[in-house]
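The structure appears below as structure tokens.
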Amino acid sequence: MSDRNLVGKKKSWVEKLADSKGLPRVEKITEKMSKRWGTGTVVIPAPMEVNEMMRKVPEGKLVTINELWSALAKKHEATIGCPLTTGIFAWIAANAAEEQTQERKKDITPYWCTLKSGGMINPKYPGGIEKQKKLLEKEGHRVIQKGKKHVVANYEESLVRL
């Protein structure tokens with residue numbers, strides 16, 4: 001599938017977010033996948049679904065990517081939510097939000113509140129560690145460095161259940 005629209009220019013992040021690609025879809029976990037995920041079903045979410053869950057995080061609160069895919073699994077009555085596509089779609093949502101910021105839009109997805117497991121900041125989000133650290137500190141969180149990783153101190157206290 002091409003990353004270009006009909007006039008030949010690259011799709012914007014907002015356009016990528018809106019492209020559901022026939023998702024969400026619930027599939028049976030294959031034998032190969034079962035080594036990692038066990039048995040049952042996996043939901044492959046739609047990008048906009050991941051974005052909508054990220055938008056539910058209130059100011060001052062946090063969510064982990066694990067909580068997102070767990071909530072998606074529950075929503076679709078699947079055994080597990082696909083961690084890979086959930087992570088990719090969270091990254092697309094983050095870039096779409098940043099694109100909207102550049103367009104001076106105010107009501108954007110608070111992507112900086114979606115952490116990796118263990119409370120780690122996602123260095124692949126727009127602006128990297130420094131931008132997210134600034135945004136998280138603005139909401140009252142303290143970011144500490146652990147080796148090469150940056151984590152939100154006591155992040156568990158601010159987690160929200162979706």
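In the structure tokens, each chain is lettered A, B, ... as it comes, each chain's residues begin at 1, and ligands are numbered from 1 in order of appearance.
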- Message: Quick one: residues within 10 Å of range 50-62 of chain A, only C-alpha atoms, excluding same-chain residues fewer than 5 positions away - as number ranges by chain?
- Response: A: 17-18, 45, 67-69, 71-72, 85-94, 96-97, 107-115, 119, 136-141, 152, 155-162
- Show which residues sit within 8 Å of Lys28 in chain A, as a ChimeraX atom specification. Count only C-alpha atoms, and ignore same-chain residues fewer than 2 positions away. /A:26,30,40-42
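The spacing separating CA of Glu98 in chain A from CA of Pro126 in chain A amounts to 6.8 Å.
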- In Å and to one decimal, CA of Trp13 in chain A is distant from CA of Asn95 in chain A by 6.0 Å
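The two atoms in question, CA of Lys116 in chain A and CA of Arg25 in chain A, are spaced 23.5 Å apart.
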- Message: Which of range 23-142 of chain A end up as strand (DSSP E) when DSSP is run on this backbone - answer as a PyMOL selection string?
- Response: chain A and resi 25-28+41-44+63-64+80-81+114-115
- Task: Looking only at helix (DSSP H, G or I) from DSSP on the backbone, list the matching residues of range 68-124 of chain A as number ranges by chain.
- Result: A: 68-75, 83-102, 111-113, 117-119
Would you mind exporting the chosen residues as a PDB file, in the first residue's frame, restricted to C-alpha atoms?
ATOM      1  CA  LEU A  68      -4.000   0.688  26.088  1.00  0.00           C
ATOM      2  CA  TRP A  69      -3.732  -2.730  24.472  1.00  0.00           C
ATOM      3  CA  SER A  70      -5.311  -4.370  27.494  1.00  0.00           C
ATOM      4  CA  ALA A  71      -8.302  -1.977  27.310  1.00  0.00           C
ATOM      5  CA  LEU A  72      -8.587  -2.597  23.551  1.00  0.00           C
ATOM      6  CA  ALA A  73      -8.655  -6.364  24.161  1.00  0.00           C
ATOM      7  CA  LYS A  74     -11.430  -5.914  26.722  1.00  0.00           C
ATOM      8  CA  LYS A  75     -13.412  -3.653  24.363  1.00  0.00           C
ATOM      9  CA  PRO A  83       1.193  -4.640  21.337  1.00  0.00           C
ATOM     10  CA  LEU A  84       2.989  -3.904  18.062  1.00  0.00           C
ATOM     11  CA  THR A  85       0.148  -2.161  16.221  1.00  0.00           C
ATOM     12  CA  THR A  86      -0.992  -0.402  19.404  1.00  0.00           C
ATOM     13  CA  GLY A  87       2.514   1.051  19.758  1.00  0.00           C
ATOM     14  CA  ILE A  88       2.723   2.036  16.099  1.00  0.00           C
ATOM     15  CA  PHE A  89      -0.707   3.688  16.198  1.00  0.00           C
ATOM     16  CA  ALA A  90       0.191   5.561  19.424  1.00  0.00           C
ATOM     17  CA  TRP A  91       3.260   6.888  17.589  1.00  0.00           C
ATOM     18  CA  ILE A  92       1.078   7.969  14.635  1.00  0.00           C
ATOM     19  CA  ALA A  93      -1.355   9.651  17.078  1.00  0.00           C
ATOM     20  CA  ALA A  94       1.575  11.491  18.704  1.00  0.00           C
ATOM     21  CA  ASN A  95       2.825  12.756  15.358  1.00  0.00           C
ATOM     22  CA  ALA A  96      -0.697  13.747  14.281  1.00  0.00           C
ATOM     23  CA  ALA A  97      -1.092  15.720  17.536  1.00  0.00           C
ATOM     24  CA  GLU A  98       2.204  17.485  16.910  1.00  0.00           C
ATOM     25  CA  GLU A  99       1.117  18.241  13.344  1.00  0.00           C
ATOM     26  CA  GLN A 100      -2.089  19.770  14.756  1.00  0.00           C
ATOM     27  CA  THR A 101      -0.011  21.851  17.200  1.00  0.00           C
ATOM     28  CA  GLN A 102       1.883  23.275  14.224  1.00  0.00           C
ATOM     29  CA  TYR A 111       0.531  11.795  23.693  1.00  0.00           C
ATOM     30  CA  TRP A 112       3.206  12.598  26.298  1.00  0.00           C
ATOM     31  CA  CYS A 113       0.937  10.984  28.915  1.00  0.00           C
ATOM     32  CA  SER A 117       6.025  -0.132  30.281  1.00  0.00           C
ATOM     33  CA  GLY A 118       7.792   0.708  33.530  1.00  0.00           C
ATOM     34  CA  GLY A 119       6.853   4.384  33.219  1.00  0.00           C
TER      35      GLY A 119
END
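If you count only C-alpha atoms and ignore residues fewer than 3 places along the chain from Ile29 in chain A, what sits within 10 Å of it is Val26, Lys32, Met33, Ser34, Lys35, Arg36, Trp37, Gly38, Thr39, Gly40, Thr41, Val42, Val43, Ala78, Thr79 and Ile80 of chain A.
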Selection from above, C-alpha atoms, as a PDB file, in the first residue's frame, can you write it?
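Resulting contents of result39.pdb:
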ATOM      1  CA  VAL A  26     -10.033  -9.789  15.899  1.00  0.00           C
ATOM      2  CA  LYS A  32       3.754 -18.995  16.020  1.00  0.00           C
ATOM      3  CA  MET A  33       2.265 -16.059  17.993  1.00  0.00           C
ATOM      4  CA  SER A  34       1.204 -18.334  20.865  1.00  0.00           C
ATOM      5  CA  LYS A  35       4.803 -18.694  22.068  1.00  0.00           C
ATOM      6  CA  ARG A  36       4.703 -15.026  23.032  1.00  0.00           C
ATOM      7  CA  TRP A  37       0.999 -14.350  23.649  1.00  0.00           C
ATOM      8  CA  GLY A  38      -0.517 -17.675  24.653  1.00  0.00           C
ATOM      9  CA  THR A  39      -3.738 -18.921  23.078  1.00  0.00           C
ATOM     10  CA  GLY A  40      -7.006 -17.222  22.214  1.00  0.00           C
ATOM     11  CA  THR A  41      -7.629 -14.122  20.105  1.00  0.00           C
ATOM     12  CA  VAL A  42      -5.792 -10.882  19.366  1.00  0.00           C
ATOM     13  CA  VAL A  43      -7.376  -7.573  18.393  1.00  0.00           C
ATOM     14  CA  ALA A  78     -10.190 -10.564  22.707  1.00  0.00           C
ATOM     15  CA  THR A  79      -7.562 -12.324  24.797  1.00  0.00           C
ATOM     16  CA  ILE A  80      -4.938  -9.652  24.024  1.00  0.00           C
TER      17      ILE A  80
END
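Restricting the calculation to only C-alpha atoms, the smallest distance between Glu49 in chain A and any of A:Glu31, A:Glu103, A:Asp19, A:Glu77 is found for A:Asp19.
When only C-alpha atoms are used to measure the gap to Ala46 in chain A, the shortest distance among A:Lys106, A:Arg142, A:Lys133, A:Lys21 belongs to A:Lys21.
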